[in-house]
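Below is the file entry01.cif, which contains mmCIF, C-alpha atoms and all ligand atoms.
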```
data_run
#
loop_
_atom_site.label_atom_id
_atom_site.label_comp_id
_atom_site.auth_asym_id
_atom_site.auth_seq_id
_atom_site.Cartn_x
_atom_site.Cartn_y
_atom_site.Cartn_z
CA MET H 1418 0.00 0.00 0.00
CA ILE H 1419 2.78 2.45 0.85
CA ASP H 1420 4.24 2.04 -2.67
CA GLN H 1421 0.80 2.63 -4.16
CA LEU H 1422 0.39 5.84 -2.15
CA ALA H 1423 3.90 7.00 -3.02
CA GLY H 1424 2.93 6.38 -6.66
CA ILE H 1425 -0.26 8.43 -6.31
CA ILE H 1426 1.47 11.52 -4.91
CA LYS H 1427 4.12 11.28 -7.64
CA GLU H 1428 1.78 10.62 -10.54
CA TYR H 1429 -1.19 12.90 -9.82
CA ARG H 1430 -1.22 16.66 -9.36
CA ASP H 1431 -4.40 17.89 -7.68
CA PHE H 1432 -5.01 17.09 -4.02
CA TYR H 1433 -7.28 18.16 -1.20
CA ILE H 1434 -5.82 17.43 2.21
CA MET H 1435 -8.06 17.04 5.22
CA THR H 1436 -8.18 15.94 8.84
CA HIS H 1437 -10.60 15.48 11.74
CA VAL H 1438 -12.91 17.75 13.77
CA ASN H 1439 -11.24 19.46 16.75
CA PRO H 1440 -7.81 18.84 15.23
CA ASP H 1441 -4.90 18.09 17.58
CA GLY H 1442 -1.16 18.42 16.97
CA ASP H 1443 -0.95 15.20 14.97
CA ALA H 1444 -3.93 16.18 12.82
CA ILE H 1445 -2.59 19.66 12.06
CA GLY H 1446 1.01 18.43 11.78
CA SER H 1447 -0.02 15.80 9.22
CA LEU H 1448 -2.24 18.21 7.32
CA LEU H 1449 0.40 20.93 7.00
CA GLY H 1450 3.37 18.56 6.60
CA MET H 1451 1.70 16.76 3.70
CA TYR H 1452 0.55 20.05 2.19
CA LEU H 1453 3.97 21.73 2.36
CA ALA H 1454 5.73 18.65 0.96
CA LEU H 1455 3.30 18.42 -1.97
CA LYS H 1456 3.71 22.14 -2.72
CA GLU H 1457 7.51 21.89 -2.43
CA ASN H 1458 7.37 19.12 -5.03
CA GLY H 1459 5.29 21.08 -7.52
CA LYS H 1460 1.82 19.77 -6.74
CA ASN H 1461 -1.49 21.57 -6.62
CA ALA H 1462 -2.54 20.97 -3.04
CA ILE H 1463 -4.79 22.69 -0.55
CA PRO H 1464 -5.21 22.02 3.18
CA ILE H 1465 -8.89 22.19 4.10
CA ILE H 1466 -10.35 22.50 7.59
CA GLY H 1467 -13.89 22.61 8.89
CA ALA H 1468 -13.63 25.48 11.36
CA GLU H 1469 -11.32 28.30 12.34
CA PHE H 1470 -7.66 27.28 12.51
CA PRO H 1471 -6.71 26.49 16.15
CA GLU H 1472 -4.63 29.28 17.68
CA LEU H 1473 -2.27 26.84 19.39
CA PHE H 1474 -0.87 25.69 16.03
CA GLN H 1475 -0.67 29.04 14.29
CA PHE H 1476 3.10 29.04 14.73
CA LEU H 1477 3.40 26.17 12.25
CA PRO H 1478 4.46 26.93 8.68
CA GLY H 1479 1.59 26.68 6.22
CA SER H 1480 -1.06 27.48 8.85
CA GLY H 1481 -1.96 30.65 6.95
CA ASN H 1482 -2.67 28.65 3.79
CA THR H 1483 -5.49 26.54 5.21
CA VAL H 1484 -8.96 27.26 3.90
CA ILE H 1485 -12.26 26.67 5.65
CA GLY H 1486 -14.62 24.59 3.50
CA PHE H 1487 -14.52 23.93 -0.24
CA ASP H 1488 -16.13 27.06 -1.67
CA SER H 1489 -13.07 29.17 -2.42
CA ILE H 1490 -11.02 26.42 -4.09
CA GLY H 1491 -10.51 26.76 -7.82
CA PHE H 1492 -9.86 23.15 -8.81
CA ASN H 1493 -11.24 19.65 -8.36
CA PRO H 1494 -8.91 17.06 -6.89
CA SER H 1495 -8.14 13.59 -8.20
CA HIS H 1496 -7.57 12.51 -4.59
CA ILE H 1497 -8.62 13.64 -1.15
CA ILE H 1498 -5.94 12.74 1.37
CA VAL H 1499 -7.52 12.27 4.79
CA LEU H 1500 -5.09 12.23 7.70
CA ASP H 1501 -5.43 10.97 11.28
CA VAL H 1502 -9.21 10.49 10.98
CA ALA H 1503 -10.49 7.40 12.83
CA ALA H 1504 -13.94 7.33 11.17
CA GLU H 1505 -15.43 8.81 8.01
CA ASN H 1506 -17.99 10.88 9.94
CA ARG H 1507 -15.12 12.64 11.75
CA ILE H 1508 -13.72 14.16 8.55
CA SER H 1509 -14.10 17.93 8.81
CA PRO H 1510 -15.83 19.43 6.88
CA GLU H 1511 -18.05 16.67 5.49
CA ILE H 1512 -16.95 15.56 2.03
CA GLY H 1513 -20.44 14.87 0.67
CA ASP H 1514 -20.68 14.60 -3.14
CA LEU H 1515 -16.94 15.08 -3.63
CA ARG H 1516 -16.58 11.42 -2.79
CA LYS H 1517 -18.11 10.56 -6.18
CA SER H 1518 -15.53 12.46 -8.21
CA ALA H 1519 -12.34 11.96 -6.19
CA LYS H 1520 -10.60 8.97 -4.63
CA LEU H 1521 -10.32 8.97 -0.87
CA VAL H 1522 -6.92 8.20 0.63
CA ASN H 1523 -7.20 7.25 4.31
CA ILE H 1524 -3.90 7.55 6.23
CA ASP H 1525 -4.21 6.88 9.94
CA HIS H 1526 -2.97 5.03 13.01
CA HIS H 1527 -6.18 4.52 15.02
CA PRO H 1528 -6.80 0.78 15.55
CA THR H 1529 -10.57 1.36 15.33
CA ASN H 1530 -10.30 2.81 11.78
CA PRO H 1531 -12.79 0.82 9.63
CA LEU H 1532 -10.78 1.42 6.39
CA TYR H 1533 -13.36 3.75 4.83
CA GLY H 1534 -11.07 4.99 2.04
CA ASP H 1535 -10.53 3.89 -1.55
CA TYR H 1536 -6.95 3.50 -0.40
CA ASN H 1537 -6.19 2.77 3.23
CA TYR H 1538 -2.82 3.07 4.90
CA VAL H 1539 -3.72 2.41 8.54
CA LEU H 1540 -0.94 1.30 10.84
CA PRO H 1541 -1.94 1.15 14.54
CA SER H 1542 1.69 0.55 15.54
CA ALA H 1543 2.69 3.99 14.26
CA ASN H 1544 3.28 6.56 17.00
CA SER H 1545 1.65 9.30 14.99
CA THR H 1546 0.04 9.90 11.62
CA THR H 1547 2.94 12.24 10.85
CA GLN H 1548 5.20 9.16 10.99
CA LEU H 1549 3.12 7.62 8.18
CA VAL H 1550 3.26 10.87 6.21
CA TYR H 1551 7.04 10.85 6.58
CA GLU H 1552 7.21 7.24 5.33
CA ILE H 1553 5.08 7.98 2.26
CA LEU H 1554 7.00 11.16 1.40
CA THR H 1555 10.38 9.45 1.68
CA ARG H 1556 9.13 6.42 -0.26
CA ALA H 1557 8.09 8.83 -3.04
CA LYS H 1558 11.63 10.29 -2.82
CA TYR H 1559 10.20 13.73 -2.11
CA ARG H 1560 12.42 16.57 -1.04
CA LEU H 1561 11.69 17.49 2.56
CA ASN H 1562 12.69 20.70 4.31
CA LEU H 1563 12.73 22.38 7.71
CA ASP H 1564 9.11 23.54 7.44
CA VAL H 1565 7.84 20.04 6.67
CA ALA H 1566 10.01 18.61 9.46
CA LYS H 1567 8.56 21.08 12.00
CA CYS H 1568 5.03 19.94 11.17
CA LEU H 1569 5.85 16.23 11.26
CA TYR H 1570 7.77 16.63 14.52
CA THR H 1571 4.77 18.39 16.07
CA GLY H 1572 2.60 15.33 15.41
CA LEU H 1573 5.24 13.03 16.84
CA VAL H 1574 5.68 14.91 20.13
CA THR H 1575 1.93 15.44 20.52
CA ASP H 1576 0.90 11.81 20.08
CA THR H 1577 3.75 10.39 22.16
CA GLY H 1578 3.23 12.92 24.99
CA CYS H 1579 6.79 14.13 24.37
CA PHE H 1580 8.05 10.54 24.05
CA LYS H 1581 6.42 9.58 27.36
CA PHE H 1582 3.55 7.32 26.27
CA ALA H 1583 3.47 3.57 25.61
CA GLY H 1584 4.51 2.52 22.11
CA VAL H 1585 7.66 4.65 21.96
CA THR H 1586 10.54 2.59 20.58
CA SER H 1587 14.01 3.13 19.19
CA ALA H 1588 12.35 3.69 15.80
CA THR H 1589 10.43 6.63 17.29
CA PHE H 1590 13.68 8.28 18.33
CA GLU H 1591 15.25 7.49 14.97
CA LEU H 1592 12.44 9.36 13.24
CA ALA H 1593 12.76 12.20 15.75
CA ALA H 1594 16.50 12.35 15.06
CA ARG H 1595 15.97 12.51 11.30
CA LEU H 1596 13.47 15.35 11.68
CA LEU H 1597 15.77 17.28 14.05
CA GLU H 1598 18.54 16.97 11.46
CA PHE H 1599 16.55 19.37 9.27
CA GLY H 1600 17.17 21.98 11.96
CA VAL H 1601 14.00 21.66 14.05
CA ASP H 1602 14.48 23.20 17.50
CA ASN H 1603 12.92 20.71 19.94
CA TYR H 1604 12.32 23.10 22.83
CA ASP H 1605 10.97 25.78 20.54
CA ILE H 1606 8.25 23.34 19.42
CA THR H 1607 7.49 21.76 22.83
CA ARG H 1608 7.43 25.16 24.54
CA LYS H 1609 4.93 26.49 21.99
CA LEU H 1610 2.80 23.35 22.31
CA PHE H 1611 2.91 22.78 26.07
CA GLU H 1612 4.19 25.88 27.87
CA GLU H 1613 2.40 28.78 26.23
CA PHE H 1614 -1.18 28.09 27.23
CA PRO H 1615 -3.44 31.08 27.85
CA GLU H 1616 -4.24 31.78 31.50
CA SER H 1617 -7.80 30.58 30.91
CA ARG H 1618 -6.46 27.06 30.55
CA LEU H 1619 -5.07 27.18 34.07
CA THR H 1620 -8.54 28.17 35.30
CA LEU H 1621 -10.10 25.31 33.32
CA GLU H 1622 -7.62 22.96 34.96
CA ARG H 1623 -8.52 24.30 38.40
CA LEU H 1624 -12.23 23.72 37.70
CA MET H 1625 -11.48 20.20 36.50
CA ILE H 1626 -9.46 19.40 39.65
CA GLU H 1627 -12.09 20.93 41.97
CA ARG H 1628 -14.81 18.77 40.44
CA LEU H 1629 -13.01 15.47 40.20
CA GLU H 1630 -14.39 12.28 41.68
CA VAL H 1631 -12.27 9.30 42.67
CA LEU H 1632 -14.21 6.12 41.95
CA LEU H 1633 -13.83 2.33 41.80
CA ASP H 1634 -11.39 2.09 44.71
CA GLY H 1635 -9.16 4.80 43.31
CA LYS H 1636 -8.86 3.24 39.86
CA LEU H 1637 -11.09 5.72 38.03
CA VAL H 1638 -11.00 9.52 38.17
CA LEU H 1639 -13.79 11.45 36.46
CA SER H 1640 -14.35 15.15 36.10
CA TYR H 1641 -16.20 17.60 33.91
CA ILE H 1642 -16.04 21.02 32.28
CA ASP H 1643 -19.08 22.75 30.78
CA ASN H 1644 -19.47 24.89 27.70
CA GLU H 1645 -20.56 27.67 30.09
CA ASP H 1646 -17.13 27.50 31.75
CA TYR H 1647 -15.39 27.93 28.40
CA HIS H 1648 -17.78 30.71 27.55
CA LYS H 1649 -17.18 32.62 30.79
CA LEU H 1650 -13.42 32.42 30.32
CA GLY H 1651 -13.56 33.30 26.63
CA ALA H 1652 -11.67 30.05 26.05
CA SER H 1653 -11.87 27.88 22.95
CA LEU H 1654 -12.58 24.17 23.19
CA SER H 1655 -9.10 23.32 21.92
CA GLU H 1656 -7.62 24.81 25.11
CA GLY H 1657 -8.97 21.87 27.10
CA GLU H 1658 -7.50 19.33 24.70
CA SER H 1659 -4.93 17.48 26.82
CA LEU H 1660 -6.24 18.36 30.30
CA VAL H 1661 -7.60 14.83 30.72
CA ASN H 1662 -4.03 13.48 30.95
CA ARG H 1663 -3.79 15.09 34.42
CA LEU H 1664 -6.56 12.79 35.66
CA ARG H 1665 -4.48 9.67 35.10
CA GLU H 1666 -1.32 10.95 36.80
CA THR H 1667 -2.12 9.63 40.28
CA ARG H 1668 -0.79 6.32 41.67
CA GLY H 1669 -3.36 3.53 41.49
CA VAL H 1670 -5.48 5.33 38.90
CA GLU H 1671 -6.07 3.19 35.81
CA VAL H 1672 -8.44 5.46 33.88
CA GLY H 1673 -8.99 9.22 33.76
CA GLY H 1674 -12.08 10.60 32.07
CA LEU H 1675 -13.11 14.17 31.29
CA ILE H 1676 -16.72 14.91 30.33
CA THR H 1677 -17.02 18.15 28.39
CA LYS H 1678 -20.46 19.65 27.82
CA LEU H 1679 -20.68 21.05 24.30
CA SER H 1680 -24.32 22.13 24.40
CA GLU H 1681 -27.54 21.02 26.09
CA ASN H 1682 -27.33 17.18 26.26
CA GLN H 1683 -24.34 17.12 23.87
CA TYR H 1684 -21.17 15.89 25.51
CA LYS H 1685 -17.64 15.01 24.51
CA VAL H 1686 -15.84 12.43 26.61
CA SER H 1687 -12.05 11.99 26.64
CA LEU H 1688 -10.59 8.85 28.20
CA ARG H 1689 -7.01 7.96 29.14
CA SER H 1690 -5.85 4.57 30.41
CA LYS H 1691 -2.60 3.26 31.82
CA GLY H 1692 -3.09 -0.05 30.02
CA ILE H 1693 -5.31 -2.51 31.91
CA VAL H 1694 -8.52 -0.98 30.58
CA ASN H 1695 -8.82 -0.66 26.80
CA VAL H 1696 -10.55 2.72 26.54
CA ALA H 1697 -11.02 2.33 22.77
CA THR H 1698 -13.43 -0.51 23.60
CA VAL H 1699 -15.15 1.58 26.29
CA ALA H 1700 -15.51 4.49 23.84
CA ALA H 1701 -16.75 2.17 21.08
CA ALA H 1702 -19.50 0.86 23.40
CA LEU H 1703 -20.84 4.44 23.47
CA GLY H 1704 -20.31 5.16 19.78
CA GLY H 1705 -16.75 6.54 19.88
CA GLY H 1706 -13.30 5.19 19.17
CA GLY H 1707 -9.58 5.77 19.42
CA HIS H 1708 -6.52 4.05 20.82
CA SER H 1709 -6.36 1.51 23.67
CA ARG H 1710 -4.86 4.12 26.02
CA ALA H 1711 -6.45 7.29 24.59
CA ALA H 1712 -9.96 7.40 23.20
CA GLY H 1713 -13.02 9.59 23.01
CA LEU H 1714 -16.62 9.94 22.00
CA LYS H 1715 -19.46 12.35 21.54
CA VAL H 1716 -22.92 11.52 22.90
CA SER H 1717 -26.34 12.99 23.44
CA MET H 1718 -27.34 12.00 26.95
CA SER H 1719 -27.25 13.59 30.37
CA ARG H 1720 -23.95 13.93 32.23
CA GLU H 1721 -25.32 11.71 34.98
CA GLU H 1722 -26.13 8.95 32.47
CA ILE H 1723 -22.70 9.23 30.83
CA ARG H 1724 -21.10 9.00 34.27
CA GLU H 1725 -23.09 5.87 35.16
CA ARG H 1726 -22.32 4.17 31.84
CA LEU H 1727 -18.60 4.94 32.11
CA ILE H 1728 -18.39 3.63 35.68
CA ARG H 1729 -20.17 0.40 34.71
CA LEU H 1730 -18.10 -0.19 31.54
CA ILE H 1731 -14.79 0.55 33.23
CA ASP H 1732 -15.68 -1.48 36.31
CA SER H 1733 -16.50 -4.53 34.19
CA SER H 1734 -13.32 -4.06 32.17
CA LEU H 1735 -11.27 -3.90 35.39
CA ASN H 1736 -13.01 -7.01 36.73
CA SER H 1737 -12.57 -9.06 33.57
CA SER H 1738 -8.86 -8.24 33.53
CA THR H 1739 -8.31 -9.61 37.04
CA THR H 1740 -10.13 -12.94 36.56
MN MN B 1801 -2.85 10.87 15.78
#
```

Can you give me the file's structure in the form of structure tokens?
Ligand SMILES: [Mn+2]
Amino acid sequence: MIDQLAGIIKEYRDFYIMTHVNPDGDAIGSLLGMYLALKENGKNAIPIIGAEFPELFQFLPGSGNTVIGFDSIGFNPSHIIVLDVAAENRISPEIGDLRKSAKLVNIDHHPTNPLYGDYNYVLPSANSTTQLVYEILTRAKYRLNLDVAKCLYTGLVTDTGCFKFAGVTSATFELAARLLEFGVDNYDITRKLFEEFPESRLTLERLMIERLEVLLDGKLVLSYIDNEDYHKLGASLSEGESLVNRLRETRGVEVGGLITKLSENQYKVSLRSKGIVNVATVAAALGGGGHSRAAGLKVSMSREEIRERLIRLIDSSLNSSTT
């Protein structure tokens, strides 16, 4: 498949590049890294997003070239390259009729990806989707540069928690080393990603900590933040993106879960596990998906009902793992 994809980006010229709703560092890093590499190699490519570009990633090269929606684009693509998107209904914005006239290339590392593309390069063992982008670009013998490397490195540090999470191997550091060789400044990137949050994020974190509940004999920690909280602080939803990781940092805790209210009876749930509980399975039981240690979902039910369902699912997962 990787040879086929390398062939496609060499042979064809017109590409739309897309990622998922509420894009994180890997989504944006993949989107912009692929875009910049295609441009650098003479292709007609455009990075498309579904909503305003997240402020956190505005330091990345190419961020100013993203367009919102399809209306202002002056060409039709032969291929739509979809990056880091676990399920077709998470592509942002929705592709709709375009699917009839263009081939969909699905490049991802979520194990729950149902291979919805015309071409699917889905490798759950990859640390980040930017790793897969790097592999395809180098297989196509594309010229890479510092700007591309910055974007790909951003995805790598985001999805490995700065090389802290499970799944990091010597190959991860080899890729990191190759990207740094282009001149990427590691601390410049990690500082911008993890140490330049607006003050409102600190307040969100305080609210999350104040409201947390320790459940299931200290193995589960749940908390919540409401859309009203974001609203009061003038904070955007992306500011709360990695807060959930804090909930799993305590000894004995197996799962941390953050329930974010988006609107009346519309909630987003982010789950993090240390390994015993497969949170991708928990999320899938409620219509979501993700990785075994990091997963999420969106649901329309009350917070109380979500809380009950999560406790029951995680409790039964903990019990089945000990028998
Ligand atoms: Mn990813």

Open item on the list: Hey, which residues sit close to ligand MN 1801 (chain B)? Say within 7 Å, counting all atoms listed in the file, and write them as a ChimeraX atom specification.
Closed with: /H:1443-1444,1501,1526,1545-1546,1576

Take the residues from that selection and put them in a file with C-alpha atoms, as a PDB file, in the frame of the given file.
```pdb
ATOM      1  CA  ASP H1443      -0.950  15.200  14.970  1.00  0.00           C
ATOM      2  CA  ALA H1444      -3.930  16.180  12.820  1.00  0.00           C
ATOM      3  CA  ASP H1501      -5.430  10.970  11.280  1.00  0.00           C
ATOM      4  CA  HIS H1526      -2.970   5.030  13.010  1.00  0.00           C
ATOM      5  CA  SER H1545       1.650   9.300  14.990  1.00  0.00           C
ATOM      6  CA  THR H1546       0.040   9.900  11.620  1.00  0.00           C
ATOM      7  CA  ASP H1576       0.900  11.810  20.080  1.00  0.00           C
TER       8      ASP H1576
END
```

Task: Contacts of region 1663-1678 of chain H at 7 Å (only C-alpha atoms; same-chain gap of 5+ positions) as a count of residues only - done: 20

Open item on the list: I want to know what sits within 9 Å of Ile1731 (chain H), based on only C-alpha atoms, with residues of the same chain fewer than 5 positions away left out; could you give that as a list in words?
Closed with: Leu1633, Leu1637, Val1672, Val1694, Asn1695, Val1696, Val1699, Arg1726 and Asn1736 of chain H

TODO: Using CA of Lys1649 (chain H) and CA of Ile1723 (chain H) as the two end points, give the distance in Å to one decimal.
DONE: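 Going from CA of Lys1649 (chain H) over to CA of Ile1723 (chain H) covers 24.0 Å.
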
Dig up all the protein and nucleic acid residues within 12 Å of (-5.8, 25.8, 33.7) in the file frame, using all atoms listed in the file, and format them as a PDB file with C-alpha atoms, in the coordinates of the input.
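What ended up in point_25.pdb:
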```pdb
ATOM      1  CA  PHE H1611       2.910  22.780  26.070  1.00  0.00           C
ATOM      2  CA  GLU H1612       4.190  25.880  27.870  1.00  0.00           C
ATOM      3  CA  GLU H1613       2.400  28.780  26.230  1.00  0.00           C
ATOM      4  CA  PHE H1614      -1.180  28.090  27.230  1.00  0.00           C
ATOM      5  CA  PRO H1615      -3.440  31.080  27.850  1.00  0.00           C
ATOM      6  CA  GLU H1616      -4.240  31.780  31.500  1.00  0.00           C
ATOM      7  CA  SER H1617      -7.800  30.580  30.910  1.00  0.00           C
ATOM      8  CA  ARG H1618      -6.460  27.060  30.550  1.00  0.00           C
ATOM      9  CA  LEU H1619      -5.070  27.180  34.070  1.00  0.00           C
ATOM     10  CA  THR H1620      -8.540  28.170  35.300  1.00  0.00           C
ATOM     11  CA  LEU H1621     -10.100  25.310  33.320  1.00  0.00           C
ATOM     12  CA  GLU H1622      -7.620  22.960  34.960  1.00  0.00           C
ATOM     13  CA  ARG H1623      -8.520  24.300  38.400  1.00  0.00           C
ATOM     14  CA  LEU H1624     -12.230  23.720  37.700  1.00  0.00           C
ATOM     15  CA  MET H1625     -11.480  20.200  36.500  1.00  0.00           C
ATOM     16  CA  ILE H1626      -9.460  19.400  39.650  1.00  0.00           C
ATOM     17  CA  GLU H1627     -12.090  20.930  41.970  1.00  0.00           C
ATOM     18  CA  ILE H1642     -16.040  21.020  32.280  1.00  0.00           C
ATOM     19  CA  ASP H1646     -17.130  27.500  31.750  1.00  0.00           C
ATOM     20  CA  TYR H1647     -15.390  27.930  28.400  1.00  0.00           C
ATOM     21  CA  LEU H1650     -13.420  32.420  30.320  1.00  0.00           C
ATOM     22  CA  ALA H1652     -11.670  30.050  26.050  1.00  0.00           C
ATOM     23  CA  GLU H1656      -7.620  24.810  25.110  1.00  0.00           C
ATOM     24  CA  GLY H1657      -8.970  21.870  27.100  1.00  0.00           C
ATOM     25  CA  GLU H1658      -7.500  19.330  24.700  1.00  0.00           C
ATOM     26  CA  SER H1659      -4.930  17.480  26.820  1.00  0.00           C
ATOM     27  CA  LEU H1660      -6.240  18.360  30.300  1.00  0.00           C
ATOM     28  CA  VAL H1661      -7.600  14.830  30.720  1.00  0.00           C
ATOM     29  CA  ARG H1663      -3.790  15.090  34.420  1.00  0.00           C
TER      30      ARG H1663
END
```
